[in-house]
>>> print(open('work35.txt').read())   # compact mmCIF, C-alpha atoms
# COMPACT_ATOMS: atom_id res chain seq x y z
CA MET A 1 -15.54 -71.86 -9.58
CA ASP A 2 -17.82 -69.42 -7.77
CA LEU A 3 -16.46 -67.28 -4.97
CA ALA A 4 -18.43 -66.97 -1.77
CA ARG A 5 -20.90 -64.08 -1.72
CA ARG A 6 -18.93 -62.44 1.09
CA LEU A 7 -15.90 -62.15 -1.18
CA ARG A 8 -17.94 -60.97 -4.13
CA ALA A 9 -19.41 -58.26 -1.87
CA LEU A 10 -16.01 -56.67 -1.31
CA PRO A 11 -15.44 -53.48 -3.32
CA PRO A 12 -13.21 -53.79 -6.41
CA TYR A 13 -9.52 -53.16 -6.03
CA LEU A 14 -9.35 -49.53 -7.16
CA PHE A 15 -5.59 -49.43 -7.68
CA ALA A 16 -5.46 -52.29 -10.20
CA GLU A 17 -5.10 -50.06 -13.27
CA LEU A 18 -2.50 -47.85 -11.60
CA ASP A 19 -0.55 -50.93 -10.57
CA ARG A 20 -0.67 -52.23 -14.13
CA LYS A 21 0.73 -48.94 -15.46
CA LYS A 22 3.42 -48.90 -12.78
CA GLU A 23 4.48 -52.44 -13.70
CA ALA A 24 4.59 -51.47 -17.39
CA LEU A 25 6.92 -48.57 -16.59
CA LEU A 26 9.15 -50.79 -14.46
CA LYS A 27 9.42 -53.32 -17.31
CA LYS A 28 10.55 -50.48 -19.57
CA GLY A 29 13.33 -49.71 -17.11
CA VAL A 30 11.78 -46.52 -15.72
CA ASP A 31 13.11 -45.57 -12.29
CA VAL A 32 9.78 -45.40 -10.43
CA ILE A 33 9.73 -43.61 -7.05
CA ASP A 34 7.00 -45.23 -4.98
CA LEU A 35 5.41 -42.84 -2.48
CA GLY A 36 2.30 -44.96 -2.23
CA VAL A 37 3.23 -47.67 0.24
CA GLY A 38 2.88 -47.11 4.00
CA ASP A 39 5.89 -49.26 4.87
CA PRO A 40 8.74 -47.44 6.65
CA ASP A 41 12.08 -47.80 4.86
CA LEU A 42 14.11 -47.48 8.08
CA PRO A 43 15.48 -50.76 9.48
CA THR A 44 14.24 -52.34 12.69
CA PRO A 45 16.41 -51.12 15.62
CA LYS A 46 19.53 -53.27 16.07
CA ARG A 47 18.74 -53.93 19.72
CA VAL A 48 15.47 -55.60 18.68
CA VAL A 49 17.13 -57.67 15.94
CA GLU A 50 19.82 -58.87 18.35
CA ARG A 51 17.23 -59.91 20.93
CA MET A 52 15.37 -61.79 18.22
CA ARG A 53 18.58 -63.57 17.20
CA GLU A 54 19.05 -64.81 20.76
CA ALA A 55 15.41 -65.81 21.21
CA VAL A 56 15.10 -67.72 17.95
CA LEU A 57 18.02 -69.97 18.93
CA ASP A 58 16.29 -70.98 22.16
CA PRO A 59 14.42 -74.28 21.58
CA SER A 60 11.87 -73.39 24.25
CA ASN A 61 10.51 -70.76 21.84
CA HIS A 62 9.94 -73.27 19.04
CA ARG A 63 6.67 -74.62 20.43
CA TYR A 64 3.13 -73.30 20.15
CA PRO A 65 2.76 -69.95 21.93
CA SER A 66 -0.20 -69.04 24.12
CA TYR A 67 -3.22 -67.51 22.41
CA GLU A 68 -3.19 -64.43 24.65
CA GLY A 69 0.54 -63.82 24.31
CA LEU A 70 3.40 -64.34 26.74
CA ARG A 71 2.66 -63.00 30.20
CA GLU A 72 5.94 -61.07 29.96
CA PHE A 73 4.88 -59.44 26.69
CA ARG A 74 1.49 -58.41 28.06
CA GLU A 75 3.15 -56.99 31.17
CA ALA A 76 5.60 -55.03 28.98
CA ALA A 77 2.70 -53.63 26.94
CA ALA A 78 0.88 -52.61 30.14
CA ARG A 79 4.01 -50.89 31.52
CA TRP A 80 4.50 -49.07 28.20
CA TYR A 81 0.90 -47.87 28.34
CA LEU A 82 1.32 -46.57 31.85
CA ARG A 83 4.54 -44.71 30.98
CA ARG A 84 3.20 -43.27 27.73
CA PHE A 85 -0.45 -42.51 28.54
CA GLY A 86 -0.83 -42.87 32.30
CA VAL A 87 -3.40 -45.62 31.69
CA GLU A 88 -3.35 -48.65 34.01
CA LEU A 89 -4.08 -52.05 32.48
CA ASP A 90 -4.40 -55.52 33.95
CA PRO A 91 -2.08 -57.68 31.78
CA SER A 92 -4.13 -60.82 32.47
CA ARG A 93 -7.51 -59.40 31.43
CA GLU A 94 -7.04 -56.16 29.48
CA VAL A 95 -4.11 -56.91 27.16
CA MET A 96 -3.81 -59.47 24.36
CA ALA A 97 -1.10 -60.06 21.76
CA LEU A 98 -2.01 -59.85 18.06
CA ILE A 99 -0.37 -61.00 14.84
CA GLY A 100 -0.09 -57.34 13.93
CA SER A 101 -2.93 -54.92 14.71
CA LYS A 102 -4.48 -55.53 11.26
CA GLU A 103 -5.26 -59.09 12.31
CA GLY A 104 -7.15 -57.97 15.40
CA ILE A 105 -9.01 -55.25 13.49
CA ALA A 106 -10.01 -57.74 10.80
CA HIS A 107 -11.22 -60.32 13.31
CA ILE A 108 -13.15 -58.19 15.79
CA PRO A 109 -16.32 -57.90 13.64
CA LEU A 110 -16.51 -61.71 13.63
CA ALA A 111 -16.87 -61.60 17.41
CA PHE A 112 -19.69 -59.05 17.60
CA VAL A 113 -21.34 -58.42 14.22
CA ASN A 114 -24.26 -60.54 13.05
CA PRO A 115 -25.49 -60.57 9.44
CA GLY A 116 -27.26 -57.29 8.77
CA ASP A 117 -25.75 -55.41 11.71
CA GLY A 118 -24.27 -52.01 10.98
CA VAL A 119 -20.71 -50.84 11.62
CA LEU A 120 -19.67 -47.18 11.58
CA VAL A 121 -16.47 -46.74 9.59
CA PRO A 122 -14.47 -43.55 8.93
CA ASP A 123 -14.42 -42.32 5.32
CA PRO A 124 -11.72 -41.82 4.14
CA GLY A 125 -10.28 -44.65 6.17
CA TYR A 126 -8.17 -47.81 6.28
CA PRO A 127 -10.01 -50.20 3.91
CA VAL A 128 -9.82 -53.11 6.37
CA TYR A 129 -12.56 -51.57 8.56
CA SER A 130 -15.13 -51.94 5.79
CA ALA A 131 -13.76 -55.19 4.37
CA ALA A 132 -13.80 -56.91 7.77
CA THR A 133 -17.37 -55.74 8.31
CA ILE A 134 -18.48 -57.18 4.98
CA LEU A 135 -16.70 -60.49 5.61
CA ALA A 136 -18.58 -60.76 8.92
CA GLY A 137 -21.90 -60.19 7.12
CA GLY A 138 -22.33 -56.66 8.43
CA THR A 139 -23.08 -53.41 6.66
CA PRO A 140 -20.47 -50.61 6.73
CA HIS A 141 -21.93 -47.13 7.25
CA PRO A 142 -19.41 -44.46 6.22
CA ILE A 143 -18.97 -41.51 8.59
CA PRO A 144 -17.45 -38.60 6.67
CA LEU A 145 -14.11 -37.11 7.72
CA LEU A 146 -14.36 -33.63 6.22
CA GLU A 147 -11.75 -30.96 5.76
CA GLU A 148 -13.86 -28.31 7.47
CA ARG A 149 -13.95 -30.40 10.66
CA GLY A 150 -10.24 -31.11 10.69
CA PHE A 151 -11.04 -34.64 9.46
CA LEU A 152 -12.85 -35.55 12.68
CA PRO A 153 -16.31 -37.16 12.36
CA ASP A 154 -19.42 -35.25 13.34
CA LEU A 155 -20.96 -37.85 15.64
CA GLN A 156 -24.16 -35.85 16.10
CA ALA A 157 -24.74 -35.87 12.34
CA ILE A 158 -24.96 -39.68 12.24
CA PRO A 159 -28.64 -40.58 11.76
CA LYS A 160 -30.14 -41.96 14.96
CA ASP A 161 -31.51 -45.07 13.26
CA VAL A 162 -28.06 -45.83 11.81
CA ALA A 163 -26.38 -45.39 15.19
CA LYS A 164 -28.98 -47.57 16.91
CA GLY A 165 -28.48 -50.35 14.37
CA ALA A 166 -24.69 -50.35 14.65
CA LYS A 167 -22.55 -52.69 16.76
CA LEU A 168 -19.09 -51.20 16.29
CA LEU A 169 -17.51 -47.80 15.70
CA PHE A 170 -14.06 -47.79 14.10
CA LEU A 171 -11.81 -44.77 14.62
CA ASN A 172 -8.15 -44.11 13.80
CA TYR A 173 -6.08 -41.24 15.24
CA PRO A 174 -3.49 -40.17 14.32
CA ASN A 175 -5.33 -40.79 11.09
CA ASN A 176 -4.44 -42.68 7.96
CA PRO A 177 -4.74 -41.22 5.36
CA THR A 178 -5.37 -37.60 6.47
CA SER A 179 -2.72 -37.45 9.27
CA ALA A 180 -5.23 -35.64 11.52
CA VAL A 181 -4.88 -35.94 15.31
CA ALA A 182 -7.75 -36.17 17.82
CA SER A 183 -7.89 -34.58 21.28
CA LYS A 184 -8.81 -36.17 24.61
CA GLY A 185 -11.95 -34.00 24.50
CA PHE A 186 -12.99 -35.63 21.24
CA PHE A 187 -12.50 -39.08 22.75
CA GLU A 188 -14.70 -38.06 25.67
CA GLU A 189 -17.43 -37.26 23.12
CA VAL A 190 -16.87 -40.69 21.59
CA VAL A 191 -17.34 -42.42 24.96
CA ALA A 192 -20.62 -40.56 25.57
CA PHE A 193 -21.82 -41.42 22.03
CA ALA A 194 -20.90 -45.09 22.49
CA LYS A 195 -22.78 -45.28 25.79
CA GLU A 196 -25.84 -43.61 24.30
CA PHE A 197 -26.08 -46.12 21.43
CA ASP A 198 -24.51 -49.18 23.06
CA LEU A 199 -21.58 -49.25 20.63
CA ILE A 200 -18.19 -50.94 20.91
CA VAL A 201 -15.43 -48.49 20.03
CA CYS A 202 -12.45 -49.94 18.15
CA HIS A 203 -9.70 -47.34 18.07
CA ASP A 204 -6.74 -47.97 15.79
CA ALA A 205 -3.73 -46.18 17.32
CA ALA A 206 -1.01 -47.62 15.06
CA TYR A 207 0.53 -44.17 14.45
CA SER A 208 0.44 -42.84 18.03
CA GLU A 209 4.24 -42.55 18.26
CA LEU A 210 4.81 -40.98 14.84
CA TYR A 211 4.09 -37.44 15.96
CA PHE A 212 6.00 -34.23 15.32
CA GLU A 213 4.54 -31.78 17.81
CA SER A 214 2.54 -32.82 20.89
CA PRO A 215 2.19 -36.54 21.73
CA PRO A 216 -1.34 -37.63 20.76
CA PRO A 217 -3.59 -39.01 23.52
CA SER A 218 -4.90 -42.53 23.83
CA PHE A 219 -8.62 -43.18 23.51
CA LEU A 220 -8.34 -44.97 26.86
CA GLU A 221 -7.37 -41.70 28.56
CA ALA A 222 -11.00 -40.61 28.27
CA GLU A 223 -13.03 -41.43 31.38
CA GLY A 224 -15.15 -44.53 30.84
CA ALA A 225 -13.34 -45.59 27.67
CA LYS A 226 -12.51 -49.06 28.99
CA GLU A 227 -16.24 -49.61 29.55
CA VAL A 228 -17.05 -49.16 25.86
CA GLY A 229 -14.11 -50.22 23.79
CA VAL A 230 -10.56 -51.20 22.96
CA GLU A 231 -7.48 -49.72 21.36
CA PHE A 232 -5.28 -51.48 18.83
CA HIS A 233 -1.53 -50.91 18.80
CA SER A 234 1.13 -52.07 16.42
CA LEU A 235 4.90 -52.25 16.69
CA SER A 236 5.08 -51.93 12.90
CA LYS A 237 5.29 -48.16 12.63
CA THR A 238 6.85 -47.16 15.97
CA TYR A 239 9.65 -49.72 15.84
CA ARG A 240 9.76 -50.33 12.07
CA MET A 241 8.67 -53.95 12.51
CA THR A 242 6.12 -54.19 9.68
CA GLY A 243 7.25 -57.62 8.52
CA TRP A 244 7.46 -59.07 12.03
CA ARG A 245 3.67 -59.03 12.51
CA ILE A 246 3.19 -58.19 16.15
CA GLY A 247 0.79 -55.86 17.90
CA PHE A 248 -1.60 -55.86 20.83
CA VAL A 249 -5.11 -54.84 21.83
CA VAL A 250 -5.93 -53.23 25.18
CA GLY A 251 -9.05 -52.07 26.99
CA SER A 252 -12.40 -53.63 27.77
CA GLU A 253 -12.07 -57.11 29.27
CA ASP A 254 -15.39 -58.15 27.72
CA VAL A 255 -14.43 -57.02 24.24
CA ILE A 256 -11.03 -58.70 24.45
CA ARG A 257 -12.72 -61.90 25.62
CA GLY A 258 -14.91 -61.84 22.50
CA LEU A 259 -11.94 -61.29 20.20
CA ARG A 260 -10.04 -64.07 21.99
CA GLY A 261 -12.93 -66.43 21.16
CA VAL A 262 -12.34 -65.78 17.46
CA LYS A 263 -8.57 -66.01 17.64
CA THR A 264 -8.50 -69.32 19.49
CA ASN A 265 -10.38 -70.81 16.55
CA VAL A 266 -8.43 -69.26 13.67
CA ASP A 267 -4.80 -68.81 14.74
CA SER A 268 -2.23 -70.17 17.16
CA GLY A 269 -0.72 -66.98 18.52
CA VAL A 270 2.48 -65.02 17.87
CA PHE A 271 5.84 -66.82 17.62
CA GLN A 272 7.40 -66.46 21.08
CA ALA A 273 10.76 -65.26 19.78
CA ILE A 274 9.01 -62.31 18.13
CA GLN A 275 7.23 -61.51 21.39
CA ILE A 276 10.56 -61.53 23.24
CA ALA A 277 12.04 -59.17 20.65
CA ALA A 278 8.94 -56.99 21.03
CA ILE A 279 9.51 -56.80 24.79
CA GLU A 280 12.95 -55.35 24.04
CA ALA A 281 11.32 -52.86 21.65
CA LEU A 282 8.87 -51.66 24.31
CA GLU A 283 11.20 -51.76 27.33
CA GLY A 284 14.62 -50.89 25.91
CA ASP A 285 16.28 -47.57 25.05
CA GLN A 286 13.73 -45.50 23.13
CA ARG A 287 16.25 -43.20 21.44
CA ASP A 288 15.78 -45.05 18.15
CA VAL A 289 12.08 -44.11 18.24
CA GLU A 290 12.93 -40.42 18.56
CA GLU A 291 15.62 -40.73 15.87
CA GLY A 292 13.02 -42.22 13.52
CA ARG A 293 10.60 -39.42 14.35
CA GLU A 294 13.27 -36.85 13.52
CA ILE A 295 13.98 -38.46 10.14
CA PHE A 296 10.29 -38.41 9.21
CA ARG A 297 9.99 -34.84 10.55
CA ARG A 298 12.73 -33.67 8.16
CA ARG A 299 11.06 -35.46 5.26
CA ARG A 300 7.71 -33.91 6.15
CA ASP A 301 9.15 -30.40 6.37
CA LEU A 302 10.92 -30.78 3.02
CA MET A 303 7.79 -31.99 1.24
CA LEU A 304 5.43 -29.47 2.85
CA LYS A 305 7.64 -26.62 1.69
CA GLU A 306 8.39 -27.84 -1.81
CA LEU A 307 4.94 -29.18 -2.68
CA GLY A 308 3.49 -25.87 -1.55
CA ALA A 309 5.95 -24.08 -3.84
CA LEU A 310 4.62 -26.20 -6.71
CA GLY A 311 1.13 -24.82 -6.03
CA LEU A 312 -0.30 -27.91 -4.36
CA GLU A 313 -2.44 -27.54 -1.24
CA VAL A 314 -0.99 -29.80 1.43
CA PHE A 315 -2.56 -30.19 4.85
CA PRO A 316 -0.32 -29.86 7.92
CA SER A 317 0.84 -33.27 9.02
CA PRO A 318 1.20 -33.28 12.82
CA ALA A 319 1.62 -37.08 12.86
CA THR A 320 2.05 -40.24 10.71
CA PHE A 321 4.41 -40.41 7.74
CA TYR A 322 1.73 -39.35 5.27
CA LEU A 323 0.78 -36.11 3.56
CA TRP A 324 -2.83 -35.50 2.49
CA VAL A 325 -2.86 -33.33 -0.61
CA LYS A 326 -5.65 -31.73 -2.62
CA VAL A 327 -5.60 -32.55 -6.32
CA PRO A 328 -5.39 -29.67 -8.82
CA GLN A 329 -8.57 -28.40 -10.44
CA GLY A 330 -9.78 -30.49 -13.34
CA HIS A 331 -8.50 -33.76 -11.90
CA THR A 332 -9.93 -36.64 -9.95
CA SER A 333 -7.68 -38.34 -7.43
CA THR A 334 -7.12 -41.21 -9.87
CA SER A 335 -6.46 -39.06 -12.94
CA PHE A 336 -3.95 -36.96 -10.99
CA CYS A 337 -2.12 -40.09 -9.81
CA GLU A 338 -2.01 -41.37 -13.40
CA LEU A 339 -0.59 -38.04 -14.61
CA VAL A 340 2.14 -38.02 -11.96
CA LEU A 341 2.99 -41.67 -12.60
CA LEU A 342 3.21 -41.39 -16.40
CA GLU A 343 4.87 -37.96 -16.54
CA ALA A 344 7.21 -38.22 -13.55
CA GLY A 345 7.46 -41.89 -12.63
CA VAL A 346 6.22 -41.08 -9.12
CA VAL A 347 3.53 -43.10 -7.32
CA PHE A 348 0.87 -41.41 -5.17
CA THR A 349 -2.20 -43.13 -3.70
CA PRO A 350 -5.59 -41.83 -4.93
CA GLY A 351 -7.78 -40.72 -2.04
CA VAL A 352 -10.86 -42.43 -3.45
CA GLY A 353 -9.21 -45.73 -2.58
CA PHE A 354 -9.91 -44.87 1.07
CA GLY A 355 -13.59 -44.14 0.48
CA LYS A 356 -16.04 -41.81 -1.25
CA TYR A 357 -14.96 -38.80 0.83
CA GLY A 358 -11.32 -39.33 -0.12
CA GLU A 359 -12.09 -38.18 -3.65
CA GLY A 360 -10.29 -34.95 -4.50
CA TYR A 361 -7.18 -35.84 -2.49
CA VAL A 362 -4.08 -38.01 -2.77
CA ARG A 363 -1.93 -39.57 -0.05
CA ILE A 364 1.84 -39.29 -0.22
CA ALA A 365 3.91 -41.66 1.92
CA LEU A 366 7.25 -40.34 3.20
CA THR A 367 8.78 -43.79 3.14
CA VAL A 368 11.85 -43.13 0.98
CA GLY A 369 15.00 -41.18 1.83
CA GLU A 370 15.45 -37.44 1.37
CA GLU A 371 17.50 -37.87 -1.82
CA ARG A 372 14.66 -39.81 -3.43
CA LEU A 373 12.13 -37.25 -2.22
CA GLU A 374 14.22 -34.47 -3.74
CA GLU A 375 14.42 -36.43 -6.99
CA ALA A 376 10.62 -36.87 -6.95
CA LEU A 377 10.19 -33.13 -6.40
CA GLU A 378 12.47 -32.32 -9.34
CA ARG A 379 10.43 -34.59 -11.57
CA LEU A 380 7.15 -33.07 -10.36
CA LYS A 381 8.37 -29.61 -11.40
CA LYS A 382 8.12 -30.79 -15.01
CA VAL A 383 4.55 -32.04 -14.67
CA PRO A 384 1.77 -29.67 -15.80
CA LEU A 385 -0.09 -29.42 -12.48
>>> encode(input="work35.txt", output="structure tokens")
Amino acid sequence: MDLARRLRALPPYLFAELDRKKEALLKKGVDVIDLGVGDPDLPTPKRVVERMREAVLDPSNHRYPSYEGLREFREAAARWYLRRFGVELDPSREVMALIGSKEGIAHIPLAFVNPGDGVLVPDPGYPVYSAATILAGGTPHPIPLLEERGFLPDLQAIPKDVAKGAKLLFLNYPNNPTSAVASKGFFEEVVAFAKEFDLIVCHDAAYSELYFESPPPSFLEAEGAKEVGVEFHSLSKTYRMTGWRIGFVVGSEDVIRGLRGVKTNVDSGVFQAIQIAAIEALEGDQRDVEEGREIFRRRRDLMLKELGALGLEVFPSPATFYLWVKVPQGHTSTSFCELVLLEAGVVFTPGVGFGKYGEGYVRIALTVGEERLEEALERLKKVPL
């Protein structure tokens, strides 16, 4: 049976061999410490779970939801945006519920990208940006995120013909995998660039609340941003709701209308009980968000100190629950991950899995408790780095 060309065009799964070796170790009874998965280990706040319990018992929530999301959910998202960023949104036109932000990110090229159109994607970056482009028949054009620029793209270095032929520009700050943070000034540059080349900006802000110093800005804080793009938010990281699959997109009414046209044909919206629980997440006591931040801050500080003591170069992580680490001389990102896995039973993610410019780095996820991190560090001390 032949797969469709669009599926065959997707890049190969680069972690397959590492996964095979990890599974072999697990079958041998090795206690593998997985620092590769970006899934927070902390439970969803109890207040959210309790609200979900109430909502799921209400038969009125057992029917099809609206495609756009409950009016009450969209209003809660708009109020949250105003409190957090000072950005005003019209819940009826500029906010739409998503089945997790990944769903919206994956679908938006289908609304705007024709076969052969270009899409500017960050490299290294979340693989869905490129995969969604390919599935829509477009061509991903990597824009390098380089160490010397603080992992921000140099927009002026993008060839003019490439920019003119592109429909979308994907960005993601705070950034996965590098943990870099962008300024409002940078977003103002993005708006000007998007207007010059008639681009739709798709900003992925899933990690906006996982910060350890100053709160990162929203792309929509930049003047004119709502004229050129949208911002995707997820409750997965902020409220530890990864399995619940709920997020939202905000910004340009025209862009949201296009995405809605795709969604009305491919899904039936978010289960209402989950939306009601999400309203509690956004509107209720936010102390659990700060408590989660503090836990990840302690983990970050521990790993920054101890990995540095091992001789590894680790970049400061002002946000996200990731560390971006340079591999030792003589290694590729994949060979270093294999060494650490086989010698220490610890899983890192090779940077090349996020794109060509991720080579030479690995990503470490701080998604296990401090005791497990300390155990991983003890094991790494025995690895010839």
>>> closest_residue(input="work35.txt", among="A:Pro350, A:Gly355, A:Gly284, A:Gly247", to="Pro140 (chain A)", atoms="only C-alpha atoms")
A:Gly355
>>> closest_residue(input="work35.txt", among="A:Val347, A:Leu171, A:Ala55, A:Ile134", to="Arg8 (chain A)", atoms="only C-alpha atoms")
A:Ile134
>>> closest_residue(input="work35.txt", among="A:Ile105, A:Ala194, A:Ala76, A:Gly69", to="Glu283 (chain A)", atoms="only C-alpha atoms")
A:Ala76
>>> closest_atom_pairs(input="work35.txt", of="region 101-205 of chain A", to="region 314-333 of chain A", cutoff="7 Å", atoms="only C-alpha atoms", output="CSV")
residue,atom,partner,partner_atom,distance
A:Pro174,CA,A:Ala319,CA,6.1
A:Pro177,CA,A:Trp324,CA,6.7
A:Thr178,CA,A:Trp324,CA,5.2
A:Ser179,CA,A:Ser317,CA,5.5
A:Ala180,CA,A:Pro318,CA,7.0
>>> atom_distance(input="work35.txt", atom1="CA of Pro122 (chain A)", atom2="CA of Pro142 (chain A)")
5.7 Å
